[in-house]
Amino acid sequence: MSEIKKLGFGLMRLPQKSNNETDIDMEQFKQMVDLFLERGFTYFDTSYVYHDGASETAIREALVKRHPRESFLLVSKFPTFQTPAKNKVEAIFREQLDKCGVEYFDYYLLHNLNRYIYATEVRDAHLFDHMKQWKEQGKIRHIAFSYHDDASHLDRILTEHPEVDAVQIVLNYYDWEEPFIQSKKCYEVIRKHGKQVIVMEPVKGGMLAKVPAGAEHILQNIDPDASPASFAIRFAASQEGVLVVLSGMSNLAQVEDNTGYMQDFKPLTDGEKQALAEMKGKYQETWKYRCSDWSALDDNAYGVPVSGIIRAYNSMLIQPDPTFCAELNYYKSFRSAYDRAFETGDYTAQTERIGGAFDVTAAMREAVTYHAKNNYQTYMD
């Protein structure tokens, strides 16, 4: 297969006929698959847990049974976060191959790694050793993992596991330099190790598909016919070393739009990059908590980056579903690095440093409570 087009079909948000996650609209899904392939795109990304386990079966019916195996790349993920027993690893992998109806996966990922899962489940079940064996047996073509944590721990994993071929990370123009998700820093670590980058959340859970009120002209002045989502996906695809940008498409119209502007992909121009920087500022204007000097919040007795926590909370509140967003996947591992005293600390001095722009202590209490209430250790990519 020649060099692949940079749009990947994420199979986490498939069309449904009801609120039941497993009740997938197979007829529409087949049309989506056919159009995706017809326009020259080949990368399909599923997982053991998507749609309560029905995604892998659905892709077998819509893709594998209906198209030649050499015409597409099929990717799935091992449910690392479900604490699999050592003697269940092989059975789960075999089950995935059977459900998808294939003899091998083109890329196979350990799902949702962070510092905690890497140090426990991954090591206890010797998952990287299994991955290497499966690759030697021809059951997977490339070893990869998806990741939700900071750049320093990503660097450690890639240093200890040079067998990895690709890493899947959250990457979008909004999170590019956000201190909590660290899109740019993680991207740079992956490139330093010479690995491929797989992009998830390029439209940030749908948030970047709808611009803030009054900011529509920023992108319309560049191309009135282009959707806001197209700029976001092209931003991610424009980064060097990106293998593919995943889009969780839910209907035929989304496939038509995404494949339309990605069919003959053109990297962002300098003018478009500047427009997206301006758009990021417009999103920030909608934040609940704002100040002119975020660095003033991080000089505190607990050594914790308060700015990152509150900025992440601001970001969650403006997403389509604040209870199901990438930031929640980072907090559990983040807080494990610090004395929990920071969660109930006194930030009066920080409030004074930002001129009383907001009550930092109250904002921290609110952000920490929200993270704790909605935190989950499940899949987000």
# chains A, B, ... in the order shown; residues from 1 in each chain; ligands from 1

$ residues_around --residues "region 164-174 of chain A" --least-positions-apart "2" --cutoff "8 Å" --atoms "only C-alpha atoms" --output "ChimeraX atom specification"
/A:142-148,158,161-162,176-178,181,183-184,186-187,190,195-204,232-233,235-236,276-277,280,326

$ select_by_dssp --residues "region 27-251 of chain A" --states "helix (DSSP H, G or I)" --output "short mmCIF file (atom, residue, chain, number, x, y, z; two decimals) with C-alpha atoms, in the first residue's frame"
data_model
loop_
_atom_site.label_atom_id
_atom_site.label_comp_id
_atom_site.auth_asym_id
_atom_site.auth_seq_id
_atom_site.Cartn_x
_atom_site.Cartn_y
_atom_site.Cartn_z
CA GLU A 27 -26.65 0.55 6.76
CA GLN A 28 -25.43 4.11 7.21
CA PHE A 29 -22.11 2.87 8.58
CA LYS A 30 -21.57 0.76 5.46
CA GLN A 31 -22.21 3.81 3.28
CA MET A 32 -19.69 5.77 5.36
CA VAL A 33 -17.06 3.05 4.99
CA ASP A 34 -17.62 2.78 1.25
CA LEU A 35 -17.32 6.53 0.69
CA PHE A 36 -14.21 6.73 2.85
CA LEU A 37 -12.51 4.02 0.78
CA GLU A 38 -13.83 5.38 -2.51
CA TYR A 50 -15.79 1.28 21.80
CA HIS A 51 -19.59 1.07 21.64
CA ASP A 52 -19.53 -1.35 24.58
CA GLY A 53 -17.52 -3.79 22.49
CA ALA A 54 -19.70 -3.59 19.36
CA SER A 55 -17.31 -1.44 17.31
CA GLU A 56 -14.99 -4.32 16.42
CA THR A 57 -17.90 -6.50 15.31
CA ALA A 58 -19.36 -3.64 13.29
CA ILE A 59 -16.14 -3.01 11.38
CA ARG A 60 -16.01 -6.70 10.49
CA GLU A 61 -19.45 -6.48 8.93
CA ALA A 62 -19.08 -3.07 7.25
CA LEU A 63 -15.47 -3.32 6.10
CA VAL A 64 -13.68 -6.65 6.46
CA ARG A 69 -7.90 -7.02 3.20
CA GLU A 70 -5.09 -5.29 1.33
CA SER A 71 -7.32 -2.28 0.59
CA THR A 80 -4.84 -1.83 29.23
CA PHE A 81 -6.86 0.05 31.86
CA GLN A 82 -9.11 -2.92 32.66
CA LYS A 86 -1.71 -12.23 32.90
CA ASN A 87 -3.42 -15.40 31.70
CA LYS A 88 -6.15 -13.41 29.91
CA VAL A 89 -3.95 -11.29 27.65
CA GLU A 90 -3.65 -13.79 24.81
CA ALA A 91 -7.35 -14.61 24.98
CA ILE A 92 -8.36 -10.95 24.72
CA PHE A 93 -6.08 -10.39 21.73
CA ARG A 94 -7.38 -13.51 19.98
CA GLU A 95 -10.95 -12.39 20.69
CA GLN A 96 -10.22 -9.05 19.02
CA LEU A 97 -8.83 -10.69 15.89
CA ASP A 98 -11.88 -12.94 15.72
CA LYS A 99 -14.38 -10.12 16.29
CA CYS A 100 -12.75 -8.06 13.55
CA ARG A 115 2.53 6.93 34.25
CA TYR A 116 0.37 4.86 36.64
CA ILE A 117 -0.88 2.27 34.14
CA TYR A 118 2.61 1.93 32.67
CA ALA A 119 4.12 1.18 36.10
CA THR A 120 1.39 -1.31 37.07
CA GLU A 121 -0.85 -3.04 34.52
CA VAL A 122 1.58 -2.80 31.60
CA ARG A 123 4.53 -4.15 33.54
CA ASP A 124 2.60 -6.70 35.59
CA LEU A 127 2.22 -6.25 27.68
CA PHE A 128 5.13 -4.92 25.63
CA ASP A 129 6.62 -8.42 25.56
CA HIS A 130 3.32 -9.74 24.22
CA MET A 131 3.28 -6.99 21.59
CA LYS A 132 6.76 -7.93 20.38
CA GLN A 133 5.77 -11.61 20.18
CA TRP A 134 2.63 -10.80 18.19
CA LYS A 135 4.67 -8.72 15.79
CA GLU A 136 7.18 -11.55 15.34
CA ALA A 151 5.90 14.77 28.11
CA SER A 152 8.50 13.66 30.65
CA HIS A 153 6.82 10.32 31.31
CA LEU A 154 6.28 9.81 27.58
CA ASP A 155 10.01 10.29 27.07
CA ARG A 156 10.71 7.62 29.67
CA ILE A 157 8.38 5.07 28.05
CA LEU A 158 9.86 5.59 24.59
CA THR A 159 13.39 5.38 25.97
CA GLU A 160 12.62 2.06 27.66
CA SER A 183 0.29 18.61 22.90
CA LYS A 184 3.39 20.31 21.53
CA LYS A 185 5.77 18.92 24.15
CA CYS A 186 4.49 15.37 23.70
CA TYR A 187 4.67 15.73 19.92
CA GLU A 188 8.29 16.87 20.20
CA VAL A 189 9.19 13.89 22.39
CA ILE A 190 7.72 11.47 19.85
CA ARG A 191 9.63 13.11 17.03
CA LYS A 192 12.85 13.13 19.06
CA MET A 207 -15.55 21.94 20.50
CA LEU A 208 -13.46 23.28 17.62
CA ALA A 209 -16.22 22.48 15.14
CA GLU A 216 -17.09 33.40 12.85
CA HIS A 217 -15.46 36.00 10.61
CA ILE A 218 -11.94 34.95 11.58
CA LEU A 219 -12.11 31.74 9.55
CA GLN A 220 -14.76 32.85 7.07
CA PRO A 228 -14.22 25.19 11.40
CA ALA A 229 -13.47 21.49 11.87
CA SER A 230 -11.51 21.43 8.61
CA PHE A 231 -9.06 24.05 9.90
CA ALA A 232 -8.56 22.07 13.11
CA ILE A 233 -7.90 18.78 11.34
CA ARG A 234 -5.57 20.44 8.83
CA PHE A 235 -3.62 22.00 11.72
CA ALA A 236 -2.93 18.55 13.13
CA ALA A 237 -2.17 17.00 9.74
#

$ select_by_dssp --residues "region 203-255 of chain A" --states "strand (DSSP E or B)" --output "PyMOL selection string"
chain A and resi 242-247

$ residues_around --residues "Val75 (chain A)" --least-positions-apart "2" --cutoff "9 Å" --atoms "only C-alpha atoms" --output "list in words"
Tyr43, Phe44, Asp45, Thr46, Ser47, Leu73, Lys77, Phe105, Asp106, Tyr107, Tyr108 and Leu109 of chain A

$ write_last_selection --atoms "C-alpha atoms" --output "compact mmCIF listing (two decimals), in the first residue's frame"
# COMPACT_ATOMS: atom_id res chain seq x y z
CA TYR A 43 -7.07 3.90 8.03
CA PHE A 44 -9.76 2.55 10.40
CA ASP A 45 -9.31 2.80 14.17
CA THR A 46 -11.35 0.72 16.62
CA SER A 47 -10.94 -0.66 20.14
CA LEU A 73 -5.42 -0.58 7.40
CA LYS A 77 -6.33 -1.38 20.98
CA PHE A 105 -3.80 -5.72 12.79
CA ASP A 106 -1.80 -3.15 10.88
CA TYR A 107 -1.29 -1.08 14.04
CA TYR A 108 -2.05 -2.38 17.52
CA LEU A 109 -2.08 -0.07 20.50

$ closest_residue --among "A:Asp298, A:Val306, A:Gln239, A:Asp321" --to "Lys273 (chain A)" --atoms "only C-alpha atoms"
A:Gln239

$ closest_residue --among "A:Ser247, A:Gln263, A:Glu103, A:Tyr283" --to "Ala213 (chain A)" --atoms "only C-alpha atoms"
A:Tyr283

$ atom_distance --atom1 "CA of Pro212 (chain A)" --atom2 "CA of Lys282 (chain A)"
6.6 Å

$ atom_distance --atom1 "CA of Asp25 (chain A)" --atom2 "CA of Ser250 (chain A)"
10.0 Å

$ residues_around --residues "Tyr313 (chain A)" --least-positions-apart "6" --cutoff "12 Å" --atoms "only C-alpha atoms" --output "NGL selection string"
:A and (178-181 or 284 or 287-290 or 306-307 or 319 or 322-323 or 325-328 or 330-331 or 363-372 or 374)

$ write_last_selection --atoms "N, CA and C atoms" --output "JSON list (two decimals), in the first residue's frame"
[["chain", "number", "residue", "atom", "x", "y", "z"],
["A", 178, "GLU", "N", -1.17, 24.23, 25.84],
["A", 178, "GLU", "CA", -1.82, 24.19, 27.15],
["A", 178, "GLU", "C", -0.97, 23.37, 28.12],
["A", 179, "PRO", "N", -0.75, 23.85, 29.35],
["A", 179, "PRO", "CA", 0.18, 23.19, 30.28],
["A", 179, "PRO", "C", -0.28, 21.84, 30.80],
["A", 180, "PHE", "N", -1.57, 21.55, 30.71],
["A", 180, "PHE", "CA", -2.05, 20.28, 31.25],
["A", 180, "PHE", "C", -1.91, 19.16, 30.24],
["A", 181, "ILE", "N", -2.34, 19.38, 29.02],
["A", 181, "ILE", "CA", -2.31, 18.32, 28.00],
["A", 181, "ILE", "C", -0.98, 18.27, 27.25],
["A", 284, "GLN", "N", -10.54, 31.52, 24.77],
["A", 284, "GLN", "CA", -10.11, 31.91, 26.11],
["A", 284, "GLN", "C", -10.97, 33.02, 26.69],
["A", 287, "TRP", "N", -13.70, 31.70, 28.90],
["A", 287, "TRP", "CA", -13.36, 30.99, 30.12],
["A", 287, "TRP", "C", -14.08, 31.58, 31.33],
["A", 288, "LYS", "N", -14.39, 30.76, 32.29],
["A", 288, "LYS", "CA", -15.00, 31.23, 33.54],
["A", 288, "LYS", "C", -14.01, 32.02, 34.38],
["A", 289, "TYR", "N", -12.77, 31.52, 34.45],
["A", 289, "TYR", "CA", -11.73, 32.19, 35.24],
["A", 289, "TYR", "C", -10.64, 32.71, 34.31],
["A", 290, "ARG", "N", -10.36, 34.00, 34.41],
["A", 290, "ARG", "CA", -9.36, 34.63, 33.54],
["A", 290, "ARG", "C", -8.47, 35.56, 34.35],
["A", 306, "VAL", "N", -0.89, 25.44, 39.54],
["A", 306, "VAL", "CA", -2.28, 25.85, 39.67],
["A", 306, "VAL", "C", -2.83, 26.35, 38.33],
["A", 307, "SER", "N", -1.99, 27.05, 37.59],
["A", 307, "SER", "CA", -2.44, 27.58, 36.30],
["A", 307, "SER", "C", -2.95, 26.47, 35.39],
["A", 319, "GLN", "N", -16.52, 22.73, 26.58],
["A", 319, "GLN", "CA", -16.63, 21.64, 25.62],
["A", 319, "GLN", "C", -18.07, 21.13, 25.55],
["A", 322, "PRO", "N", -18.74, 18.41, 29.03],
["A", 322, "PRO", "CA", -17.68, 18.62, 30.01],
["A", 322, "PRO", "C", -17.36, 17.39, 30.84],
["A", 323, "THR", "N", -18.30, 16.45, 30.94],
["A", 323, "THR", "CA", -18.05, 15.25, 31.75],
["A", 323, "THR", "C", -17.35, 14.14, 30.95],
["A", 325, "CYS", "N", -14.30, 14.49, 28.55],
["A", 325, "CYS", "CA", -13.31, 15.24, 27.79],
["A", 325, "CYS", "C", -11.91, 14.79, 28.18],
["A", 326, "ALA", "N", -10.94, 15.12, 27.36],
["A", 326, "ALA", "CA", -9.59, 14.61, 27.51],
["A", 326, "ALA", "C", -8.96, 14.98, 28.85],
["A", 327, "GLU", "N", -9.24, 16.19, 29.34],
["A", 327, "GLU", "CA", -8.60, 16.64, 30.58],
["A", 327, "GLU", "C", -8.84, 15.69, 31.75],
["A", 328, "LEU", "N", -10.01, 15.08, 31.79],
["A", 328, "LEU", "CA", -10.33, 14.16, 32.88],
["A", 328, "LEU", "C", -9.42, 12.95, 32.90],
["A", 330, "TYR", "N", -6.29, 13.00, 32.42],
["A", 330, "TYR", "CA", -4.95, 13.38, 32.87],
["A", 330, "TYR", "C", -4.86, 13.58, 34.38],
["A", 331, "TYR", "N", -5.97, 13.90, 35.02],
["A", 331, "TYR", "CA", -5.90, 14.38, 36.39],
["A", 331, "TYR", "C", -5.48, 13.31, 37.39],
["A", 363, "ALA", "N", -11.56, 28.86, 43.19],
["A", 363, "ALA", "CA", -11.47, 28.26, 41.86],
["A", 363, "ALA", "C", -10.81, 26.89, 41.93],
["A", 364, "MET", "N", -9.77, 26.75, 42.76],
["A", 364, "MET", "CA", -9.11, 25.46, 42.91],
["A", 364, "MET", "C", -10.06, 24.43, 43.53],
["A", 365, "ARG", "N", -10.79, 24.84, 44.56],
["A", 365, "ARG", "CA", -11.74, 23.92, 45.18],
["A", 365, "ARG", "C", -12.76, 23.43, 44.15],
["A", 366, "GLU", "N", -13.24, 24.35, 43.36],
["A", 366, "GLU", "CA", -14.25, 24.01, 42.35],
["A", 366, "GLU", "C", -13.68, 23.09, 41.29],
["A", 367, "ALA", "N", -12.47, 23.39, 40.83],
["A", 367, "ALA", "CA", -11.84, 22.58, 39.78],
["A", 367, "ALA", "C", -11.52, 21.18, 40.29],
["A", 368, "VAL", "N", -10.96, 21.09, 41.48],
["A", 368, "VAL", "CA", -10.59, 19.79, 42.05],
["A", 368, "VAL", "C", -11.82, 18.93, 42.29],
["A", 369, "THR", "N", -12.89, 19.55, 42.82],
["A", 369, "THR", "CA", -14.13, 18.82, 43.06],
["A", 369, "THR", "C", -14.71, 18.29, 41.75],
["A", 370, "TYR", "N", -14.66, 19.11, 40.72],
["A", 370, "TYR", "CA", -15.19, 18.69, 39.42],
["A", 370, "TYR", "C", -14.38, 17.53, 38.85],
["A", 371, "HIS", "N", -13.06, 17.63, 38.93],
["A", 371, "HIS", "CA", -12.20, 16.55, 38.45],
["A", 371, "HIS", "C", -12.51, 15.25, 39.20],
["A", 372, "ALA", "N", -12.62, 15.34, 40.53],
["A", 372, "ALA", "CA", -12.84, 14.15, 41.34],
["A", 372, "ALA", "C", -14.20, 13.52, 41.05],
["A", 374, "ASN", "N", -16.02, 13.71, 38.28],
["A", 374, "ASN", "CA", -16.20, 13.21, 36.91],
["A", 374, "ASN", "C", -15.05, 12.35, 36.40]]

$ closest_residue --among "A:Met249, A:Gln254, A:Asn375, A:Ala125" --to "Arg13 (chain A)" --atoms "only C-alpha atoms"
A:Met249

$ atom_distance --atom1 "CA of Thr351 (chain A)" --atom2 "CA of Cys291 (chain A)"
10.0 Å
